[in-house]
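Colleague: Handing you a structure now.
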Amino acid sequence: MNENKSRLDGINTPADLRRLAPELLTDVCSELRQFIIDVLSRNPGHLAASLGAVELTVALHYVFNTPFDRIVWDVGHQAYGHKILTGRRQRFDTLRKLGGISGFPNPSESEYDAFIAGHASNSISAALGISTAFELQKDSDRHVVAVIGDGSMTGGLAFEGLNNASNNPNNLLIILNDNDMAIDHNVGGISRYLVDITTSQTYNKVRYDLYRMMRKVNLITEDRRESILRFNNSLKALISKQHNLFEGFNIRYFGPVDGHDVLDLVRKLNDIKEMKGPKLLHVKTLKGKGFKPAEDSATEWHAPGKFDKKTGRRMISVDLNRPQLYQDVFGHTLVELAERDERVVGVTPAMPTGCSMCFMMKRFPKRAFDVGIAEGHAVTFSAGLAKEGMIPFCNIYSSFMQRAYDEVIHDTALQKLHVVFCIDRAGLVGEDGATHHGSFDLAYMRPIPNLTIASPINEAELRNLMYTGYQDDAGTFVIRYPRGKGELSDWRQPLEILPVGKGRKLRDGRDVAVLSIGQAGNEVRKAIEMIGDDGPSVAHYDMIYLKPIDEAILHEAGKRFKCIITVENGVRTGGLGSAVAEFMTENGYAPKIRRIGIPDEFIGHGAVEELSGICGMDAESIYRAILEIKN
């Protein structure tokens, strides 16, 4: 064989990988890692996590007979190597592009993607369900593996899955990919515990050998297995003077092992794959492995954008006159409010850099809390702070806030607690696709009593809404704003209170009224500018508040206009358009109404501009809608 021939080029499916001699797997890992670096340097994606999981990915597909056996990935940031080995190498440069492959595992894309993975902490529960299904179908020779990161292990759903796995008959294998990172550094007792776990390799080898021997001579049966397991766990805790969290769930624990020794991983996986009952292999990895800049700064290189793969220089253009990111405006304004009032605190679930609460953490480290990947806890923790007089600004991405819906209702709104929920990444977010679009927050928040719901058209309005929500009589206050840059270069303007439930007229007109909320209003402005002198006369209202909605504006629109268009960067069902239609019906108005927003379907991945056009939410589409509704 030609020594210069790429091993990776010959792998189109995991079956091709399994035909290789084990000693060649190191070469495969090296090529796979370089391939990821090459493609992502020019086509941005999630780099560091996938580099850290290369050896684990190769070992899993080498040992297990995928897709007959199932691998369930948690989150999916670590699954790029998996995509490349499972028939998508030739299309990998379309990653996260419109019409290209998804940045996350998706069963509709490949039979090798066992379960969709966009949000954290669901892999154990999903994999347990799959494993239990195989048991019920008398198909127990199929293996099921759940891969979960240490950051995801802080999520409550992960522990619910662990608890249930210890009770249900299953042979689930859980791989804990422990790199001591989520996106920012992991926080909390669980993270520290995972770093400190020690298990003797000699002990495990003796245990494996003894187990095989006792099974062979029928000294161990399934009836005796659980009592023996409990005895072994107690004995190990006595010897090591350390109780193992996972074995406390009656889940066999192995590790920690070197996650970058692919041959040892193959041996370990082969050793434990046929063991009955739930088990966990603790794998220690380095996020960004094999690319020095990513190893040194994993947070910065989580999703670095384009970069020079030789120098490690990120290709970031800096324009001091360009508008700020909404997240940075939030972060700087939060610090301003915290400087005014020592009651102001910040709370985020594992996203201090992504939401720019890092500014607050630097300025007031004791008043800013990263609670880990635990959105439900973030909300109830904030409610507890508010109950005793603090003013928490709880920042959660829109799609992640869905996981804390009950806590918003039961623990916050029901008690009318003064919590300011800052919902970042609202609306279409782009390349991360369906699992990450903030499509639903306006619709799912609107029915909840005791909430004020607002959305700014620009950065100055965001600052003013934060200041309004800070006021002592604000109650539970929701502000939703989009991903990306805003509209203003002079955004740092004096703070002012925006009267709750009051919108504003941006432009008067005679023929058509356009009612918008949030940043979508800027597309409306562009659309109106496209209309010539011979076109319809268009009035434009920035509603600002969805709840309470400005009824004076709605009465004015209902009385004056036969044609009304609503525009929102959220689902059409249940949001601003629905609120306006309900009001018109209830008050006896009968205008022609056209609702513009995200349609009743899950939107895929692509640039925000492309997806906005597909959804009919860009300026050109709004312009056409204005002309059509008038005719």
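Chain labels follow the order of the structure tokens: the first chain is A, the next B, and so on; residue numbering restarts at 1 in every chain, and ligands are counted from 1 in their shown order.
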Extract, using only C-alpha atoms, all DNA, RNA and protein residues at most 6 Å from Thr13 of chain A, discarding same-chain residues fewer than 5 positions from it, and format them as a PDB file with N, CA and C atoms, in the first residue's frame.
Modeller:
ATOM      1  N   LEU A  85     -17.031  10.348   9.509  1.00  0.00           N
ATOM      2  CA  LEU A  85     -16.841   8.895   9.388  1.00  0.00           C
ATOM      3  C   LEU A  85     -18.098   8.175   8.909  1.00  0.00           C
ATOM      4  N   THR A  86     -19.228   8.880   8.885  1.00  0.00           N
ATOM      5  CA  THR A  86     -20.497   8.214   8.552  1.00  0.00           C
ATOM      6  C   THR A  86     -21.075   8.716   7.231  1.00  0.00           C
ATOM      7  N   GLY A  87     -20.201   8.844   6.233  1.00  0.00           N
ATOM      8  CA  GLY A  87     -20.655   9.101   4.876  1.00  0.00           C
ATOM      9  C   GLY A  87     -20.851  10.545   4.497  1.00  0.00           C
TER      10      GLY A  87
END
Colleague: Fewer than 4 positions away in the same chain doesn't count, so skip those; otherwise give me all residues within 8 Å of Leu337 of chain A, counting only C-alpha atoms, as an MDAnalysis selection string.
Modeller: chainID A and resid 333 341 344 467 470
Colleague: Grab the residues selected above and save them as a PDB file, in the first residue's frame with C-alpha atoms.
Modeller:
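Output below, filename again_34.pdb:
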ATOM      1  CA  THR A 333     -25.827  48.079  30.623  1.00  0.00           C
ATOM      2  CA  ASP A 341     -27.730  49.575  42.906  1.00  0.00           C
ATOM      3  CA  VAL A 344     -28.679  44.104  41.007  1.00  0.00           C
ATOM      4  CA  TYR A 467     -33.778  50.257  33.007  1.00  0.00           C
ATOM      5  CA  TYR A 470     -35.034  47.407  36.931  1.00  0.00           C
TER       6      TYR A 470
END
Colleague: Could you pull out the alpha helix (DSSP H) residues of segment 411-566 of chain A from DSSP and send them as an MDAnalysis selection string?
Modeller: chainID A and resid 441:445 459:470 520:529 551:560
Colleague: Can you list, as a list in words, every protein, DNA or RNA residue that comes within 6 Å of segment 133-149 of chain A when you count only C-alpha atoms, leaving out same-chain residues fewer than 6 positions away?
Modeller: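 With the cut-off at 6 Å, the set is Asp69, Arg70, Ile71, Val72, Trp73, Asp74, Ser123, Ile124, Ala127, Leu172, Leu173, Ile174, Ile175, Leu176, Asn177 and Asp178 of chain A.
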Colleague: Export C-alpha atoms of the chosen residues as a PDB file, in the first residue's frame?
Modeller:
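So the final result, stored in again-v2.pdb, reads:
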ATOM      1  CA  ASP A  69     -25.715  -0.314  17.467  1.00  0.00           C
ATOM      2  CA  ARG A  70     -26.746   3.194  18.475  1.00  0.00           C
ATOM      3  CA  ILE A  71     -24.593   6.137  19.546  1.00  0.00           C
ATOM      4  CA  VAL A  72     -26.536   9.027  21.067  1.00  0.00           C
ATOM      5  CA  TRP A  73     -24.537  12.256  21.200  1.00  0.00           C
ATOM      6  CA  ASP A  74     -25.290  14.957  23.729  1.00  0.00           C
ATOM      7  CA  SER A 123     -28.506  11.825  25.745  1.00  0.00           C
ATOM      8  CA  ILE A 124     -28.833   9.534  28.774  1.00  0.00           C
ATOM      9  CA  ALA A 127     -30.393   6.370  24.981  1.00  0.00           C
ATOM     10  CA  LEU A 172     -26.749   1.116  28.488  1.00  0.00           C
ATOM     11  CA  LEU A 173     -23.176   2.356  28.244  1.00  0.00           C
ATOM     12  CA  ILE A 174     -22.685   6.003  29.211  1.00  0.00           C
ATOM     13  CA  ILE A 175     -19.496   7.713  28.034  1.00  0.00           C
ATOM     14  CA  LEU A 176     -18.655  10.740  30.153  1.00  0.00           C
ATOM     15  CA  ASN A 177     -16.465  12.931  27.956  1.00  0.00           C
ATOM     16  CA  ASP A 178     -14.759  14.982  30.633  1.00  0.00           C
TER      17      ASP A 178
END
Colleague: Rank nothing, just name the residue among A:Trp301, A:Tyr481, A:Phe583, A:Phe68 nearest to Asn458 of chain A, using only C-alpha atoms.
Modeller: A:Tyr481
Colleague: List as a VMD selection string the protein and nucleic acid residues near Arg507 of chain A, meaning an atom at most 10 Å away when only C-alpha atoms are counted, but skip any in the same chain fewer than 4 places from it.
Modeller: chain A and resid 513 to 514 525 528 537 to 542
Colleague: Which of these residues is nearest to Ala120 of chain A, using only C-alpha atoms: A:Arg492, A:His77, A:Lys292, A:Lys362?
Modeller: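 The answer is A:His77, which sits nearest to Ala120 of chain A.
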Colleague: Need to verify the contact set: Pro392 of chain A, 7 Å, only C-alpha atoms, exclusion of same-chain residues closer than 5 positions in sequence. Can you return it as a list in words?
Modeller: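 Near Pro392 of chain A, the qualifying residues are Val344, Val345, Gly346, Val347, Ser382, Leu385, Ala386, Val419 and Val420 of chain A.
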Colleague: Just list as a VMD selection string whatever in segment 412-523 of chain A DSSP marks as strand (DSSP E or B).
Modeller: chain A and resid 420 to 424 427 438 451 to 454 476 to 480 485 504 to 507 512 to 516
Colleague: Find, counting only C-alpha atoms, the residue in A:Glu375, A:Glu487, A:Asp411, A:Glu568 that gets nearest to Ala443 of chain A.
Modeller: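 Among the listed residues, the smallest separation from Ala443 of chain A belongs to A:Glu568.
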